[in-house]
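A.B. asks: This is the content of work.cif (mmCIF, C-alpha atoms):
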```cif
data_entry
loop_
_atom_site.label_atom_id
_atom_site.label_comp_id
_atom_site.auth_asym_id
_atom_site.auth_seq_id
_atom_site.Cartn_x
_atom_site.Cartn_y
_atom_site.Cartn_z
CA MET A 166 15.50 22.71 -77.33
CA THR A 167 14.77 24.80 -74.23
CA ALA A 168 11.96 22.47 -73.14
CA ARG A 169 14.23 19.45 -73.59
CA ARG A 170 17.03 21.07 -71.61
CA SER A 171 14.59 22.05 -68.85
CA GLY A 172 13.34 18.46 -68.67
CA LEU A 173 16.89 17.13 -68.42
CA LEU A 174 17.64 19.62 -65.64
CA VAL A 175 14.55 18.54 -63.72
CA ILE A 176 15.65 14.90 -63.97
CA GLY A 177 19.21 15.82 -62.98
CA LEU A 178 18.09 17.81 -59.93
CA LEU A 179 15.77 15.02 -58.80
CA LEU A 180 18.56 12.43 -59.14
CA LEU A 181 20.93 14.70 -57.22
CA ALA A 182 18.29 15.08 -54.50
CA LEU A 183 18.00 11.27 -54.22
CA VAL A 184 21.77 10.94 -53.89
CA LEU A 185 21.85 13.65 -51.22
CA LEU A 186 18.94 11.98 -49.42
CA ALA A 187 20.97 8.77 -49.21
CA VAL A 188 24.04 10.69 -48.01
CA GLY A 189 22.02 12.69 -45.48
CA ALA A 190 20.47 9.53 -44.07
CA SER A 191 23.97 8.16 -43.61
CA ILE A 192 25.49 11.10 -41.75
CA GLY A 193 25.02 11.70 -38.05
CA SER A 194 26.96 12.29 -34.88
CA THR A 195 28.44 8.78 -35.16
CA GLY A 196 29.36 9.11 -38.83
CA PHE A 197 28.57 6.29 -41.28
CA GLU A 198 28.85 3.61 -38.61
CA GLY A 199 25.24 4.22 -37.62
CA LEU A 200 24.05 3.28 -41.12
CA LEU A 201 25.98 0.02 -41.05
CA ALA A 202 24.70 -0.77 -37.56
CA ALA A 203 21.07 -0.21 -38.62
CA ARG A 204 21.01 -3.64 -40.28
CA HIS A 205 21.22 -5.43 -36.93
CA ASP A 206 20.63 -2.71 -34.30
CA ALA A 207 17.02 -1.67 -33.61
CA VAL A 208 18.08 1.63 -32.01
CA ALA A 209 20.28 2.57 -34.96
CA LEU A 210 17.46 1.68 -37.34
CA GLN A 211 15.04 3.85 -35.39
CA ILE A 212 17.50 6.77 -35.51
CA LEU A 213 17.78 6.31 -39.27
CA LEU A 214 14.04 6.11 -39.90
CA ASP A 215 12.73 8.60 -37.34
CA ILE A 216 15.48 11.24 -37.23
CA ARG A 217 17.88 11.25 -40.17
CA LEU A 218 15.51 10.46 -43.03
CA PRO A 219 12.74 12.94 -42.09
CA ARG A 220 15.32 15.62 -41.30
CA THR A 221 17.03 15.23 -44.68
CA LEU A 222 13.76 15.06 -46.59
CA GLY A 223 12.46 18.02 -44.57
CA ALA A 224 15.50 20.07 -45.57
CA TRP A 225 14.69 19.38 -49.23
CA LEU A 226 11.04 20.30 -48.78
CA ALA A 227 11.81 23.55 -46.93
CA GLY A 228 14.37 24.51 -49.56
CA ALA A 229 11.91 23.66 -52.32
CA LEU A 230 9.27 25.90 -50.74
CA LEU A 231 11.75 28.78 -50.38
CA GLY A 232 13.06 28.35 -53.93
CA LEU A 233 9.50 28.36 -55.28
CA ALA A 234 8.62 31.46 -53.23
CA GLY A 235 11.78 33.22 -54.38
CA ALA A 236 10.99 32.61 -58.05
CA VAL A 237 7.44 33.90 -57.56
CA ALA A 238 8.67 36.98 -55.69
CA GLN A 239 11.29 37.87 -58.30
CA GLY A 240 8.82 37.44 -61.14
CA LEU A 241 6.01 39.26 -59.34
CA PHE A 242 8.10 42.29 -58.44
CA ARG A 243 10.34 42.13 -61.53
CA ASN A 244 13.32 42.46 -59.20
CA PRO A 245 16.25 39.99 -59.09
CA LEU A 246 16.89 40.97 -55.45
CA ALA A 247 13.41 39.99 -54.26
CA ASP A 248 13.29 37.10 -51.81
CA PRO A 249 10.51 35.21 -49.99
CA TYR A 250 10.82 37.43 -46.90
CA LEU A 251 10.16 40.64 -48.80
CA LEU A 252 6.56 41.21 -47.68
CA GLY A 253 7.10 41.03 -43.93
CA SER A 254 6.81 37.29 -43.42
CA ALA A 255 10.23 37.01 -41.75
CA SER A 256 9.66 39.77 -39.21
CA GLY A 257 6.11 38.57 -38.56
CA ALA A 258 7.29 35.03 -37.88
CA SER A 259 10.09 36.26 -35.59
CA LEU A 260 7.71 38.45 -33.59
CA ALA A 261 5.15 35.67 -33.24
CA MET A 262 7.84 33.24 -32.14
CA ALA A 263 9.16 35.69 -29.53
CA LEU A 264 5.66 36.31 -28.16
CA ALA A 265 4.91 32.58 -28.07
CA LEU A 266 8.12 31.87 -26.16
CA VAL A 267 7.35 34.60 -23.64
CA LEU A 268 3.77 33.45 -23.12
CA LEU A 269 4.77 29.81 -22.94
CA GLY A 270 7.25 30.54 -20.20
CA VAL A 271 5.30 33.17 -18.25
CA SER A 272 1.53 32.83 -18.57
CA PRO A 273 -0.20 29.62 -17.41
CA PHE A 274 -3.31 30.66 -19.32
CA ALA A 275 -1.41 31.00 -22.58
CA THR A 276 0.30 27.64 -22.19
CA ALA A 277 -2.82 25.61 -22.93
CA TRP A 278 -3.52 27.05 -26.36
CA LEU A 279 0.18 27.31 -27.20
CA VAL A 280 0.56 23.59 -26.57
CA ARG A 281 -2.29 22.95 -28.99
CA VAL A 282 -1.12 25.42 -31.62
CA GLY A 283 2.60 24.94 -31.08
CA LEU A 284 5.55 27.21 -31.78
CA THR A 285 5.49 26.21 -35.43
CA GLY A 286 1.86 27.27 -35.67
CA ALA A 287 2.70 30.60 -34.06
CA ALA A 288 5.54 31.17 -36.51
CA PHE A 289 3.31 30.32 -39.46
CA ALA A 290 0.55 32.62 -38.21
CA GLY A 291 3.09 35.40 -37.72
CA ALA A 292 4.51 34.98 -41.22
CA VAL A 293 1.10 35.09 -42.85
CA GLY A 294 0.07 37.95 -40.53
CA GLY A 295 3.08 39.98 -41.62
CA VAL A 296 2.10 39.57 -45.28
CA LEU A 297 -1.53 40.49 -44.54
CA LEU A 298 -0.38 43.60 -42.67
CA THR A 299 1.73 44.56 -45.69
CA LEU A 300 -1.27 44.15 -47.99
CA LEU A 301 -3.41 46.20 -45.62
CA LEU A 302 -0.82 48.97 -45.50
CA ALA A 303 -0.38 48.94 -49.28
CA ASN A 304 -4.18 49.09 -49.65
CA SER A 305 -3.92 47.24 -52.96
CA VAL A 306 -2.06 44.51 -54.80
CA GLN A 307 -2.03 46.53 -58.01
CA HIS A 308 0.98 48.77 -57.31
CA THR A 309 4.26 46.91 -57.07
CA LEU A 310 6.23 49.83 -55.66
CA ARG A 311 3.66 50.43 -52.93
CA LEU A 312 3.80 46.76 -51.97
CA LEU A 313 7.59 46.87 -51.76
CA LEU A 314 7.57 49.99 -49.59
CA ALA A 315 4.86 48.55 -47.34
CA GLY A 316 6.88 45.35 -46.97
CA VAL A 317 9.97 47.29 -45.91
CA ILE A 318 7.98 49.34 -43.37
CA VAL A 319 6.27 46.27 -41.90
CA GLY A 320 9.61 44.47 -41.68
CA VAL A 321 11.22 47.33 -39.77
CA VAL A 322 8.28 47.86 -37.39
CA LEU A 323 7.72 44.19 -36.59
CA GLY A 324 11.47 43.65 -36.26
CA ALA A 325 11.65 46.48 -33.73
CA ALA A 326 8.68 45.00 -31.85
CA LYS A 327 10.47 41.64 -31.70
CA ASP A 328 13.58 43.35 -30.31
CA LEU A 329 11.48 45.00 -27.60
CA VAL A 330 9.98 41.63 -26.65
CA THR A 331 13.41 39.99 -26.40
CA LEU A 332 14.74 42.90 -24.36
CA GLY A 333 11.89 42.44 -21.91
CA ALA A 334 12.44 38.68 -21.72
CA PRO A 335 16.17 38.00 -22.23
CA ASP A 336 15.74 34.34 -21.29
CA ILE A 337 14.30 33.65 -24.77
CA LEU A 338 17.39 35.00 -26.56
CA SER A 339 18.94 31.55 -26.97
CA ALA A 340 15.79 30.08 -28.51
CA MET A 341 15.34 33.12 -30.76
CA GLN A 342 18.94 32.84 -31.93
CA GLY A 343 18.29 29.26 -32.98
CA PHE A 344 15.15 30.32 -34.84
CA ASN A 345 16.89 33.23 -36.58
CA LEU A 346 19.83 31.06 -37.69
CA GLY A 347 17.58 28.27 -38.94
CA SER A 348 17.66 24.58 -38.14
CA THR A 349 16.25 21.32 -39.50
CA SER A 350 17.02 19.41 -36.30
CA PHE A 351 13.40 19.06 -35.17
CA VAL A 352 11.77 18.22 -38.50
CA GLY A 353 9.84 14.94 -38.29
CA TRP A 354 7.53 12.99 -40.54
CA THR A 355 4.52 15.13 -39.60
CA ALA A 356 6.36 18.29 -40.66
CA CYS A 357 7.45 16.56 -43.88
CA ALA A 358 3.85 15.61 -44.68
CA LEU A 359 2.69 19.17 -44.04
CA MET A 360 5.44 20.76 -46.13
CA GLY A 361 4.94 18.19 -48.88
CA GLY A 362 1.23 18.92 -49.14
CA VAL A 363 1.76 22.68 -49.19
CA TRP A 364 4.54 22.33 -51.76
CA LEU A 365 2.33 20.32 -54.13
CA LEU A 366 -0.47 22.88 -53.82
CA CYS A 367 1.78 25.92 -54.24
CA ILE A 368 3.80 24.58 -57.16
CA ALA A 369 0.62 23.56 -59.01
CA VAL A 370 -0.92 27.02 -58.62
CA ALA A 371 2.34 28.88 -59.38
CA TRP A 372 2.98 26.72 -62.45
CA ALA A 373 -0.54 27.40 -63.73
CA LEU A 374 -0.03 31.16 -63.29
CA GLY A 375 3.45 31.24 -64.82
CA HIS A 376 2.05 33.00 -67.91
CA VAL A 377 1.06 35.93 -65.65
CA LEU A 378 4.68 36.36 -64.57
CA ASP A 379 5.74 36.09 -68.22
CA GLY A 380 3.33 38.91 -69.04
CA LEU A 381 4.60 41.06 -66.17
CA THR A 382 8.16 40.87 -67.50
CA LEU A 383 6.90 42.92 -70.48
CA GLY A 384 5.42 45.56 -68.17
CA GLU A 385 2.05 45.93 -66.47
CA ALA A 386 0.52 47.88 -69.36
CA THR A 387 1.47 45.15 -71.80
CA ALA A 388 0.21 42.45 -69.45
CA GLN A 389 -3.14 44.21 -69.11
CA SER A 390 -3.37 44.61 -72.87
CA LEU A 391 -3.08 40.81 -73.15
CA GLY A 392 -6.30 40.53 -71.16
CA LEU A 393 -4.76 39.21 -67.95
CA PRO A 394 -6.81 39.98 -64.78
CA LEU A 395 -3.72 41.23 -62.95
CA PRO A 396 -5.22 42.24 -59.56
CA ARG A 397 -6.85 38.86 -58.96
CA MET A 398 -3.93 36.81 -60.26
CA ARG A 399 -1.39 38.92 -58.37
CA ALA A 400 -3.37 38.33 -55.18
CA VAL A 401 -3.28 34.56 -55.78
CA LEU A 402 0.49 34.67 -56.38
CA ILE A 403 1.01 36.65 -53.17
CA LEU A 404 -1.06 34.03 -51.35
CA VAL A 405 1.19 31.31 -52.77
CA LEU A 406 4.25 33.31 -51.72
CA ALA A 407 2.94 33.76 -48.18
CA LEU A 408 1.82 30.13 -47.78
CA ALA A 409 5.08 28.64 -49.06
CA THR A 410 7.27 30.99 -47.03
CA GLY A 411 5.21 30.70 -43.85
CA THR A 412 5.22 26.91 -43.96
CA ALA A 413 8.99 26.69 -44.46
CA VAL A 414 9.77 29.29 -41.79
CA ALA A 415 7.45 27.64 -39.28
CA GLN A 416 9.30 24.33 -39.58
CA THR A 417 12.94 25.38 -40.01
CA GLY A 418 13.23 28.99 -38.88
CA MET A 419 14.85 31.82 -40.83
CA ILE A 420 17.07 30.23 -43.47
CA ALA A 421 18.82 32.88 -45.53
CA PHE A 422 19.66 33.12 -49.23
CA VAL A 423 18.01 29.91 -50.46
CA GLY A 424 14.99 31.75 -51.83
CA LEU A 425 17.22 34.42 -53.34
CA ALA A 426 19.94 32.21 -54.83
CA ALA A 427 17.86 29.30 -56.17
CA PRO A 428 16.07 31.27 -58.95
CA HIS A 429 19.39 32.80 -60.05
CA LEU A 430 20.93 29.34 -60.18
CA ALA A 431 18.02 28.05 -62.27
CA ARG A 432 18.23 31.01 -64.65
CA SER A 433 21.97 30.51 -65.07
CA LEU A 434 21.33 26.93 -66.19
CA VAL A 435 18.56 27.60 -68.70
CA LYS A 436 16.53 30.51 -70.07
CA THR A 437 12.90 29.49 -70.02
CA THR A 438 9.36 30.57 -69.15
CA HIS A 439 8.32 31.25 -65.57
CA SER A 440 6.31 28.04 -65.31
CA ARG A 441 9.43 25.94 -65.89
CA LEU A 442 11.59 28.41 -63.95
CA ILE A 443 9.41 28.00 -60.86
CA VAL A 444 9.79 24.21 -60.97
CA LEU A 445 13.56 24.43 -61.54
CA SER A 446 13.98 27.05 -58.78
CA SER A 447 12.03 24.89 -56.36
CA LEU A 448 14.13 21.81 -57.12
CA ALA A 449 17.35 23.85 -56.94
CA GLY A 450 16.30 25.31 -53.58
CA GLY A 451 15.65 21.82 -52.22
CA VAL A 452 19.07 20.61 -53.35
CA LEU A 453 20.81 23.70 -51.93
CA LEU A 454 19.27 23.38 -48.47
CA MET A 455 19.72 19.62 -48.37
CA ALA A 456 23.42 19.99 -49.25
CA ALA A 457 23.85 22.74 -46.65
CA ASP A 458 22.15 20.61 -43.99
CA ILE A 459 24.48 17.68 -44.73
CA LEU A 460 27.51 19.97 -44.50
CA ALA A 461 26.20 21.45 -41.24
CA ARG A 462 26.12 17.96 -39.71
CA TRP A 463 29.38 16.73 -41.20
CA LEU A 464 31.89 19.59 -40.97
CA LEU A 465 32.22 19.69 -37.16
CA ALA A 466 30.70 16.31 -36.26
CA PRO A 467 29.56 15.42 -33.63
CA GLN A 468 28.78 19.14 -33.21
CA GLU A 469 26.51 20.93 -35.65
CA LEU A 470 26.69 24.24 -37.48
CA PRO A 471 23.50 26.32 -37.87
CA VAL A 472 22.28 25.51 -41.37
CA GLY A 473 21.26 29.15 -41.95
CA VAL A 474 24.89 30.21 -41.58
CA LEU A 475 25.99 27.78 -44.28
CA THR A 476 23.21 28.79 -46.68
CA ALA A 477 24.20 32.44 -46.21
CA VAL A 478 27.85 31.64 -46.93
CA LEU A 479 27.14 29.37 -49.90
CA GLY A 480 24.33 31.46 -51.38
CA GLY A 481 26.11 34.75 -50.83
CA SER A 482 29.33 33.40 -52.34
CA TYR A 483 27.46 32.17 -55.40
CA LEU A 484 25.73 35.51 -55.95
CA LEU A 485 29.01 37.40 -55.50
CA TRP A 486 30.69 35.10 -58.01
CA ARG A 487 27.85 35.61 -60.47
CA MET A 488 27.96 39.39 -60.05
CA HIS A 489 31.71 39.33 -60.70
CA LYS A 490 31.26 37.10 -63.74
CA ARG A 491 28.62 39.42 -65.21
CA GLY A 492 30.43 42.63 -64.41
CA GLY A 493 28.34 43.69 -61.42
CA GLY A 494 24.91 42.45 -62.52
CA LEU A 495 22.83 39.46 -61.49
CA LEU A 496 20.80 39.04 -64.67
#
```
Reformat the file's structure so that it appears as structure tokens.
C.D. replies:
Amino acid sequence: MTARRSGLLVIGLLLLALVLLAVGASIGSTGFEGLLAARHDAVALQILLDIRLPRTLGAWLAGALLGLAGAVAQGLFRNPLADPYLLGSASGASLAMALALVLLGVSPFATAWLVRVGLTGAAFAGAVGGVLLTLLLANSVQHTLRLLLAGVIVGVVLGAAKDLVTLGAPDILSAMQGFNLGSTSFVGWTACALMGGVWLLCIAVAWALGHVLDGLTLGEATAQSLGLPLPRMRAVLILVLALATGTAVAQTGMIAFVGLAAPHLARSLVKTTHSRLIVLSSLAGGVLLMAADILARWLLAPQELPVGVLTAVLGGSYLLWRMHKRGGGLL
């Protein structure tokens, strides 16, 4: 019964994503008129194919990556408040972005390699670097509490370093604000292809290791008694978490609450194993971010709201409602 319900939910979320993709491709600064004009206007058709479609699909892919990473993080740390940015990826990406903006604007020697690597590459490297620094500080992947503490420390230190960089170069504040609030405005087909490839890889590995997360819910001692090689498998899951989070952050900036809310939404719909939960969380995250992106373009058209603000409002409101419904608990 649970497997059948999970399958129906997967189909339902995919159908909803297709509907939202059609709606997102139809909404722009000119409203729905641009879609109608695309049939006989080459410029309108180009806007539809090269801007609206990749942006809407990119929002789904980024949300799917964050939802997947959130489900892995919550299962790995056995904590319903865990999110994809827990291990220092957010602060690492922000610091790398700030440094890249400073070097791009100040140093002619740095410009050459920054043009080749790009700001998205710098953000991805920073996100992965933050996670690696956390692992180095924790000195092991075996102790969950040590990893959590190391992640908090790295987040605070790298966040402070980013603040120092922005204080020294206040001209990058506007660009950093856009990165911190999140945006899908600059997502193109290349970014979609990259996020799609990473998503397929990460969801395949996470789905295959879902039984490890199932074992961890019973406690580490029980999981070890089942013969699971926890250190190696935990390291692979952390790699999946870092890769998925870093890829999404590099393309869309810091989008809040999607990775936290999507697994809770999936669990509220069906109680199932972590393998199915990871798939459902990923699909739910894609739908959440796609819906938020459409609202961000539509509410104040032709102006745009930062999509990260809407995800924070929607995701935070959902979690507050769920806490109230369950008498103060999320699970």
A.B. asks: By how many Å are atom CA of A:Val296 and atom CA of A:Ala369 apart?
C.D. replies: 21.1 Å
A.B. asks: Given the file shown, enumerate the residues that the PyMOL selection byres ((chain A and resi 483) around 12) captures and present them as a PyMOL selection string.
C.D. replies: chain A and resi 422-423+425-430+433+453+476-482+484-490+495
A.B. asks: Using only C-alpha atoms, can you tell me which of A:Leu323, A:Leu346, A:Val401, A:Cys367 comes closest to A:Leu470?
C.D. replies: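 Smallest distance to A:Leu470 is found for A:Leu346.
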A.B. asks: Which residues would end up in the selection if the PyMOL selection byres ((chain A and resi 168-170) around 12) were applied here, given that I need the answer as a PDB file with C-alpha atoms, in the coordinates of the input?
C.D. replies:
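Printed below is expr34.pdb as written:
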```
ATOM      1  CA  MET A 166      15.500  22.710 -77.330  1.00  0.00           C
ATOM      2  CA  THR A 167      14.770  24.800 -74.230  1.00  0.00           C
ATOM      3  CA  SER A 171      14.590  22.050 -68.850  1.00  0.00           C
ATOM      4  CA  GLY A 172      13.340  18.460 -68.670  1.00  0.00           C
ATOM      5  CA  LEU A 173      16.890  17.130 -68.420  1.00  0.00           C
ATOM      6  CA  LEU A 174      17.640  19.620 -65.640  1.00  0.00           C
ATOM      7  CA  VAL A 175      14.550  18.540 -63.720  1.00  0.00           C
ATOM      8  CA  ILE A 176      15.650  14.900 -63.970  1.00  0.00           C
ATOM      9  CA  GLY A 177      19.210  15.820 -62.980  1.00  0.00           C
ATOM     10  CA  ALA A 431      18.020  28.050 -62.270  1.00  0.00           C
ATOM     11  CA  LEU A 434      21.330  26.930 -66.190  1.00  0.00           C
ATOM     12  CA  VAL A 435      18.560  27.600 -68.700  1.00  0.00           C
ATOM     13  CA  LYS A 436      16.530  30.510 -70.070  1.00  0.00           C
ATOM     14  CA  THR A 437      12.900  29.490 -70.020  1.00  0.00           C
ATOM     15  CA  THR A 438       9.360  30.570 -69.150  1.00  0.00           C
ATOM     16  CA  SER A 440       6.310  28.040 -65.310  1.00  0.00           C
ATOM     17  CA  ARG A 441       9.430  25.940 -65.890  1.00  0.00           C
ATOM     18  CA  LEU A 442      11.590  28.410 -63.950  1.00  0.00           C
ATOM     19  CA  LEU A 445      13.560  24.430 -61.540  1.00  0.00           C
TER      20      LEU A 445
END
```
A.B. asks: I'd like to know which of A:Leu210, A:Ile192, A:Met341, A:Ile368 is closest to A:Val444, using all atoms listed in the file.
C.D. replies: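 When distances to A:Val444 are compared using all atoms listed in the file, the smallest one comes from A:Ile368.
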A.B. asks: How many Å separate atom CA of A:Asp458 from atom CA of A:Ile420?
C.D. replies: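 We find that atom CA of A:Asp458 and atom CA of A:Ile420 lie 10.9 Å from each other.
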A.B. asks: May I ask for the distance between atom CA of A:Ala326 and atom CA of A:Leu252, given in Å to one decimal place?
C.D. replies: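 For atom CA of A:Ala326 relative to atom CA of A:Leu252, the distance reads 16.4 Å.
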A.B. asks: Could you state which residues are captured by the PyMOL selection byres ((chain A and resi 329-334) around 10) in this file, as a ChimeraX atom specification?
C.D. replies: /A:260,263-264,266-267,270-271,323-328,335-338,341
A.B. asks: Could the residues in this selection be written to a file with C-alpha atoms, as an mmCIF file, in the coordinates of the input?
C.D. replies:
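As written to disk, out.cif reads:
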```
data_model
loop_
_atom_site.group_PDB
_atom_site.id
_atom_site.type_symbol
_atom_site.label_atom_id
_atom_site.label_comp_id
_atom_site.auth_asym_id
_atom_site.auth_seq_id
_atom_site.Cartn_x
_atom_site.Cartn_y
_atom_site.Cartn_z
ATOM 1 C CA LEU A 260 7.710 38.450 -33.590
ATOM 2 C CA ALA A 263 9.160 35.690 -29.530
ATOM 3 C CA LEU A 264 5.660 36.310 -28.160
ATOM 4 C CA LEU A 266 8.120 31.870 -26.160
ATOM 5 C CA VAL A 267 7.350 34.600 -23.640
ATOM 6 C CA GLY A 270 7.250 30.540 -20.200
ATOM 7 C CA VAL A 271 5.300 33.170 -18.250
ATOM 8 C CA LEU A 323 7.720 44.190 -36.590
ATOM 9 C CA GLY A 324 11.470 43.650 -36.260
ATOM 10 C CA ALA A 325 11.650 46.480 -33.730
ATOM 11 C CA ALA A 326 8.680 45.000 -31.850
ATOM 12 C CA LYS A 327 10.470 41.640 -31.700
ATOM 13 C CA ASP A 328 13.580 43.350 -30.310
ATOM 14 C CA PRO A 335 16.170 38.000 -22.230
ATOM 15 C CA ASP A 336 15.740 34.340 -21.290
ATOM 16 C CA ILE A 337 14.300 33.650 -24.770
ATOM 17 C CA LEU A 338 17.390 35.000 -26.560
ATOM 18 C CA MET A 341 15.340 33.120 -30.760
#
```
A.B. asks: Rank A:Ser191, A:Asn345, A:Ser339, A:Ser254 by their smallest atom-to-atom distance to A:Val474, using all atoms listed in the file, and report the top residue only.
C.D. replies: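 Of A:Ser191, A:Asn345, A:Ser339, A:Ser254, the one nearest A:Val474 is A:Asn345, counting all atoms listed in the file.
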A.B. asks: Nearest to A:Ile443 among A:Trp354, A:Thr382, A:Gly240, A:Val322, with distances taken over all atoms listed in the file: which residue is it?
C.D. replies: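 Once distances to A:Ile443 are computed over all atoms listed in the file, the minimum belongs to A:Gly240.
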A.B. asks: Between A:Leu312, A:Leu393, A:Leu460, A:Ala227, which residue has the minimum interatomic distance to A:Trp364, considering all atoms listed in the file?
C.D. replies: A:Ala227
A.B. asks: Between A:Ala409, A:Leu185, A:Ala315, A:Ala247, which is the closest to A:Ala292 once you count only C-alpha atoms?
C.D. replies: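 Answer, going by the shortest atom-to-atom distance: A:Ala409.
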A.B. asks: If you count only C-alpha atoms, which residues fall within 12 Å of A:Leu181, apart from same-chain ones fewer than 5 positions away, as a PyMOL selection string?
C.D. replies: chain A and resi 174-176+186-189+225+448-449+451-453+455-456
A.B. asks: Fewer than 5 positions away in the same chain doesn't count, so skip those; otherwise give me all residues within 6 Å of A:Gly232, counting only C-alpha atoms, as a ChimeraX atom specification.
C.D. replies: /A:424,427,446-447,450
A.B. asks: Once you count all atoms listed in the file, which residues end up no further than 10 Å from (19.4, 26.5, -33.2) in the file's frame, shown as a count of residues only?
C.D. replies: 20
A.B. asks: Can you pull out every residue within 7 Å of A:Leu284, counting all atoms listed in the file, but drop anything in the same chain fewer than 3 positions away, and send it as a PyMOL selection string?
C.D. replies: chain A and resi 262+265+287-288
A.B. asks: Could I get stretch 373-379 of chain A rebuilt with all heavy atoms, written as a JSON list (two decimals), in the frame of the given file?
C.D. replies:
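result-v3.json, written as the output of this step:
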```json
[["chain", "number", "residue", "atom", "x", "y", "z"],
["A", 373, "ALA", "N", 0.61, 27.03, -62.90],
["A", 373, "ALA", "CA", -0.54, 27.40, -63.73],
["A", 373, "ALA", "C", -0.57, 28.90, -64.02],
["A", 373, "ALA", "O", -1.09, 29.33, -65.06],
["A", 373, "ALA", "CB", -1.83, 26.97, -63.03],
["A", 374, "LEU", "N", -0.03, 29.71, -63.10],
["A", 374, "LEU", "CA", -0.03, 31.16, -63.29],
["A", 374, "LEU", "C", 1.31, 31.68, -63.80],
["A", 374, "LEU", "O", 1.57, 32.88, -63.75],
["A", 374, "LEU", "CB", -0.37, 31.85, -61.96],
["A", 374, "LEU", "CG", -1.78, 31.60, -61.43],
["A", 374, "LEU", "CD1", -2.01, 32.34, -60.11],
["A", 374, "LEU", "CD2", -2.84, 32.02, -62.45],
["A", 375, "GLY", "N", 2.16, 30.80, -64.30],
["A", 375, "GLY", "CA", 3.45, 31.24, -64.82],
["A", 375, "GLY", "C", 3.31, 32.22, -65.97],
["A", 375, "GLY", "O", 4.14, 33.12, -66.13],
["A", 376, "HIS", "N", 2.24, 32.08, -66.78],
["A", 376, "HIS", "CA", 2.05, 33.00, -67.91],
["A", 376, "HIS", "C", 1.80, 34.43, -67.43],
["A", 376, "HIS", "O", 2.10, 35.39, -68.15],
["A", 376, "HIS", "CB", 0.89, 32.53, -68.79],
["A", 376, "HIS", "CG", -0.44, 32.57, -68.10],
["A", 376, "HIS", "ND1", -0.83, 31.67, -67.13],
["A", 376, "HIS", "CD2", -1.49, 33.44, -68.23],
["A", 376, "HIS", "CE1", -2.06, 31.95, -66.71],
["A", 376, "HIS", "NE2", -2.48, 33.02, -67.36],
["A", 377, "VAL", "N", 1.26, 34.58, -66.21],
["A", 377, "VAL", "CA", 1.06, 35.93, -65.65],
["A", 377, "VAL", "C", 2.41, 36.58, -65.38],
["A", 377, "VAL", "O", 2.63, 37.76, -65.71],
["A", 377, "VAL", "CB", 0.23, 35.86, -64.35],
["A", 377, "VAL", "CG1", 0.08, 37.25, -63.74],
["A", 377, "VAL", "CG2", -1.12, 35.24, -64.63],
["A", 378, "LEU", "N", 3.33, 35.83, -64.83],
["A", 378, "LEU", "CA", 4.68, 36.36, -64.57],
["A", 378, "LEU", "C", 5.40, 36.64, -65.89],
["A", 378, "LEU", "O", 6.16, 37.61, -65.98],
["A", 378, "LEU", "CB", 5.47, 35.36, -63.72],
["A", 378, "LEU", "CG", 4.89, 35.06, -62.35],
["A", 378, "LEU", "CD1", 5.71, 33.99, -61.63],
["A", 378, "LEU", "CD2", 4.83, 36.32, -61.50],
["A", 379, "ASP", "N", 5.17, 35.81, -66.90],
["A", 379, "ASP", "CA", 5.74, 36.09, -68.22],
["A", 379, "ASP", "C", 5.22, 37.41, -68.77],
["A", 379, "ASP", "O", 5.97, 38.22, -69.33],
["A", 379, "ASP", "CB", 5.40, 34.96, -69.20],
["A", 379, "ASP", "CG", 6.09, 33.66, -68.86],
["A", 379, "ASP", "OD1", 7.16, 33.72, -68.22],
["A", 379, "ASP", "OD2", 5.56, 32.59, -69.23]]
```
